[in-house]
Amino acid sequence: METKNSPYSLGFRTLENEVLLDSLPVEGKIPEWISGTLVRNGPARFETAKANFRHWFDGLGMLHKFSFRNGKVSYANRYLQSRAYKKTLKTGKIHYREFATDPCRSLLGRVGSLFFTEFTDNANVNVTQIAQRFIAMTEAPMAVEFDINTLETTGVFDYGISSRCMSTAHPHYDVRQKSFVNYGLQFSRTCTYHFYQIPEDTQKRVITCSIPVKEPAYIHSFGMTEHFLILAEFPLVVNPIQIVLSGKPFIENFRWAPERGTRFWIIDKNDGKVLKVSETEAFFSFHHINAFERGREIFMDISGYPDASVMNQLYLDSVREVHKGEFAKTLFRRYRIPLNGNVANEEFRSREAIELPRIHYSRCNTQEYRWVYGVGVREKSQEDFYNQLVRLDVSSQEAQTWWEEGCYPGEPVFVPLPQSRSEGEGILLSIVLDSKRERSFLLILDARTLEEIGRAPVSHPIPFGFHGQFFGENE
């Protein structure tokens, strides 16, 4: 039976060309005050000469940058020259274990992959800056360093100690302790959740908390308040022996166990001790949004799905076709976690779907706040992919949206107005796929109103990416 490609399937098509465009045409205007570079990361090659990647999360990573100065914007893109990329292009085969794609290998090879001797360095999820170095990140142990001016890959980022931990691509910056904080999962007979710090201006990991666990959960991000770390342990869990023996790709070894519910581990940042574990109903999430303290309670905001079925919807064979049912819907959820109780209570859920959430991070992370931005699915087109931008007021629970027919926006990156005096003063930057014109454009919105300020089209469709950061010239 012949299948019909979705209008957004262009976002899952390999991009061959690497280009450098000194000046993009602009419709509307680029604010004169914005000076710096937006770097986006995401998969851009989905097949090799002899094999295909199976999942959106598996494609070989490419960096895209938009540089701003004096009301003008330039564009460049370049593949990360990871081991996975270079070996794949040289042989036409897939050599490293990805999220949902696994090359055929012997039992001995699978044992090696469990302990990351052959795990991918395809850092296609996010970017950040640590110790004045720019790095691309994924959930595998290795990060890849790049030059922000040329996007040239400069090597593996050395954390100073050997690491065999899966990690997140969403580190936090702790202003009080002047350090980056991240989470890692160490696979072994008894697995261990780790939290570690990277003190500012260094690149050495220091483990601050370790929690042994028999069947670890898949965890993509974590929460942080002024004094606590929050590990949300969803009931998507794995017996580590299965990863070795099953012969299945990594994520397909995990099982949904809703009877376990969801557990929130609360860890004291000062001494690394587990303060308590609170429980709530089963749900799943990729992305925390923010968390803060009020008295003896923690309020944790997260973008949550009812279960983990979204994983299956993002296989490439599925996502390239017109959906036969509603696309998985993720809602803003707020949980109230009492420090003297064992039950986490859900405060409210948003009506609008919101994923790839961002906030005014430098001002509001770990603090009470009002605005969250993200992508969503328009109510009248629930079988579509992410097709609108959302601005949610967490105080009133009201939402504003930006939508244009045939357009599919990516994660909105908030850039604050220099010397902004209040939350939300700034702009949003989003790469949008225009399926009708078969190209992408950089969209610039007023973050307070979602009114369009300008757009800068490129000549080709940019594959859907995951995350990016804006690096100001003075940062």
# chains A, B, ... in the order shown; residues from 1 in each chain; ligands from 1
call {"tool": "residues_around", "arguments": {"residues": "Phe441 in chain A", "least_positions_apart": "3", "cutoff": "12 Å", "atoms": "only C-alpha atoms", "output": "ChimeraX atom specification"}}
result
/A:24-27,66,73,75,407-410,429-435,437-438,444,454-463
call {"tool": "select_by_dssp", "arguments": {"residues": "range 240-465 of chain A", "states": "helix (DSSP H, G or I)", "output": "PyMOL selection string"}}
result
chain A and resi 240-245+250-253+258-260+310-313+316-319+361-364+379-381
call {"tool": "closest_atom_pairs", "arguments": {"of": "range 274-387 of chain A", "to": "range 260-265 of chain A", "cutoff": "6 Å", "atoms": "only C-alpha atoms", "output": "CSV"}}
result
residue,atom,partner,partner_atom,distance
A:Val277,CA,A:Trp265,CA,4.6
A:Ser278,CA,A:Phe264,CA,5.1
A:Glu279,CA,A:Arg263,CA,4.5
A:Thr280,CA,A:Thr262,CA,5.3
A:Glu281,CA,A:Gly261,CA,4.8
A:Ala282,CA,A:Gly261,CA,4.1
call {"tool": "residues_around", "arguments": {"residues": "range 376-380 of chain A", "least_positions_apart": "2", "cutoff": "6 Å", "atoms": "only C-alpha atoms", "output": "MDAnalysis selection string"}}
result
chainID A and resid 353:354 382 386:388
call {"tool": "write_last_selection", "arguments": {"atoms": "N, CA, C and O atoms", "output": "PDB file, in the first residue's frame"}}
result
ATOM      1  N   ALA A 353      -0.676  22.477  24.163  1.00  0.00           N
ATOM      2  CA  ALA A 353       0.512  21.631  24.193  1.00  0.00           C
ATOM      3  C   ALA A 353       1.758  22.507  24.125  1.00  0.00           C
ATOM      4  O   ALA A 353       1.772  23.547  23.460  1.00  0.00           O
ATOM      5  N   ILE A 354       2.812  22.084  24.826  1.00  0.00           N
ATOM      6  CA  ILE A 354       4.063  22.843  24.794  1.00  0.00           C
ATOM      7  C   ILE A 354       5.232  21.886  24.974  1.00  0.00           C
ATOM      8  O   ILE A 354       5.271  21.086  25.902  1.00  0.00           O
ATOM      9  N   GLN A 382      -4.587  18.421  15.097  1.00  0.00           N
ATOM     10  CA  GLN A 382      -3.933  17.555  16.066  1.00  0.00           C
ATOM     11  C   GLN A 382      -3.137  16.427  15.433  1.00  0.00           C
ATOM     12  O   GLN A 382      -2.309  15.801  16.095  1.00  0.00           O
ATOM     13  N   TYR A 386       4.659  19.621  15.136  1.00  0.00           N
ATOM     14  CA  TYR A 386       4.711  20.896  15.846  1.00  0.00           C
ATOM     15  C   TYR A 386       4.559  22.038  14.836  1.00  0.00           C
ATOM     16  O   TYR A 386       5.422  22.257  13.992  1.00  0.00           O
ATOM     17  N   ASN A 387       3.466  22.784  14.932  1.00  0.00           N
ATOM     18  CA  ASN A 387       3.165  23.783  13.906  1.00  0.00           C
ATOM     19  C   ASN A 387       2.839  25.162  14.466  1.00  0.00           C
ATOM     20  O   ASN A 387       2.335  26.019  13.742  1.00  0.00           O
ATOM     21  N   GLN A 388       3.132  25.386  15.748  1.00  0.00           N
ATOM     22  CA  GLN A 388       2.934  26.734  16.290  1.00  0.00           C
ATOM     23  C   GLN A 388       3.898  26.988  17.433  1.00  0.00           C
ATOM     24  O   GLN A 388       4.426  26.048  18.057  1.00  0.00           O
TER      25      GLN A 388
END
call {"tool": "residues_around", "arguments": {"residues": "Gly36 in chain A", "least_positions_apart": "5", "cutoff": "9 Å", "atoms": "only C-alpha atoms", "output": "list in words"}}
result
Phe66, Ser67, Phe68, Arg69, Phe470, Phe471, Gly472, Glu473, Asn474 and Glu475 of chain A
call {"tool": "closest_residue", "arguments": {"among": "A:Pro212, A:Pro43, A:Pro31, A:Pro7", "to": "His64 in chain A", "atoms": "only C-alpha atoms"}}
result
A:Pro43
call {"tool": "closest_atom_pairs", "arguments": {"of": "range 113-229 of chain A", "to": "range 77-97 of chain A", "cutoff": "9 Å", "atoms": "only C-alpha atoms", "output": "JSON lines"}}
result
{"residue": "A:Ser113", "atom": "CA", "partner": "A:Arg97", "partner_atom": "CA", "distance": 7.2}
{"residue": "A:Glu118", "atom": "CA", "partner": "A:Tyr96", "partner_atom": "CA", "distance": 6.0}
{"residue": "A:Phe119", "atom": "CA", "partner": "A:Arg97", "partner_atom": "CA", "distance": 5.4}
{"residue": "A:Thr120", "atom": "CA", "partner": "A:Tyr96", "partner_atom": "CA", "distance": 5.0}
{"residue": "A:Asp121", "atom": "CA", "partner": "A:Ser82", "partner_atom": "CA", "distance": 6.1}
{"residue": "A:Asn122", "atom": "CA", "partner": "A:Ala84", "partner_atom": "CA", "distance": 5.9}
{"residue": "A:Ala123", "atom": "CA", "partner": "A:Leu80", "partner_atom": "CA", "distance": 7.7}
{"residue": "A:Asn124", "atom": "CA", "partner": "A:Leu80", "partner_atom": "CA", "distance": 8.3}
{"residue": "A:Ala136", "atom": "CA", "partner": "A:Leu80", "partner_atom": "CA", "distance": 8.5}
{"residue": "A:Val144", "atom": "CA", "partner": "A:Ser82", "partner_atom": "CA", "distance": 7.3}
{"residue": "A:Phe146", "atom": "CA", "partner": "A:Leu80", "partner_atom": "CA", "distance": 8.1}
{"residue": "A:Thr150", "atom": "CA", "partner": "A:Arg78", "partner_atom": "CA", "distance": 8.6}
{"residue": "A:Leu151", "atom": "CA", "partner": "A:Arg78", "partner_atom": "CA", "distance": 6.2}
{"residue": "A:Glu152", "atom": "CA", "partner": "A:Arg78", "partner_atom": "CA", "distance": 7.4}
{"residue": "A:Thr153", "atom": "CA", "partner": "A:Gln81", "partner_atom": "CA", "distance": 5.7}
{"residue": "A:Thr154", "atom": "CA", "partner": "A:Gln81", "partner_atom": "CA", "distance": 8.5}
{"residue": "A:Gly155", "atom": "CA", "partner": "A:Ser82", "partner_atom": "CA", "distance": 8.1}
{"residue": "A:Val156", "atom": "CA", "partner": "A:Ser82", "partner_atom": "CA", "distance": 8.4}
call {"tool": "residues_around", "arguments": {"residues": "Gly184 in chain A", "least_positions_apart": "5", "cutoff": "12 Å", "atoms": "only C-alpha atoms", "output": "number ranges by chain"}}
result
A: 138-142, 163-171, 191-197, 205-212, 216-222, 231
call {"tool": "select_by_dssp", "arguments": {"residues": "range 319-377 of chain A", "states": "strand (DSSP E)", "output": "list in words"}}
result
Leu331, Phe332, Arg333, Arg334, Tyr335, Arg336, Ile337, Pro338, Asn345, Glu346, Glu347, Phe348, Arg349, Ser350, Arg351, Glu352, Ala353, Glu355, Leu356, Pro357, Arg358, Trp371, Val372, Tyr373, Gly374, Val375 and Gly376 of chain A
call {"tool": "atom_distance", "arguments": {"atom1": "CA of Phe332 in chain A", "atom2": "CA of Asn312 in chain A"}}
result
21.2 Å
call {"tool": "closest_residue", "arguments": {"among": "A:Ser362, A:Phe464, A:Trp256, A:Ala51", "to": "Tyr173 in chain A", "atoms": "only C-alpha atoms"}}
result
A:Ser362
call {"tool": "closest_residue", "arguments": {"among": "A:Asn41, A:Gln242, A:Ser74, A:Thr366", "to": "Val127 in chain A", "atoms": "only C-alpha atoms"}}
result
A:Asn41
call {"tool": "residues_around", "arguments": {"residues": "Ala291 in chain A", "least_positions_apart": "2", "cutoff": "9 Å", "atoms": "only C-alpha atoms", "output": "MDAnalysis selection string"}}
result
chainID A and resid 223:226 230 288:289 293 298:302 365:368
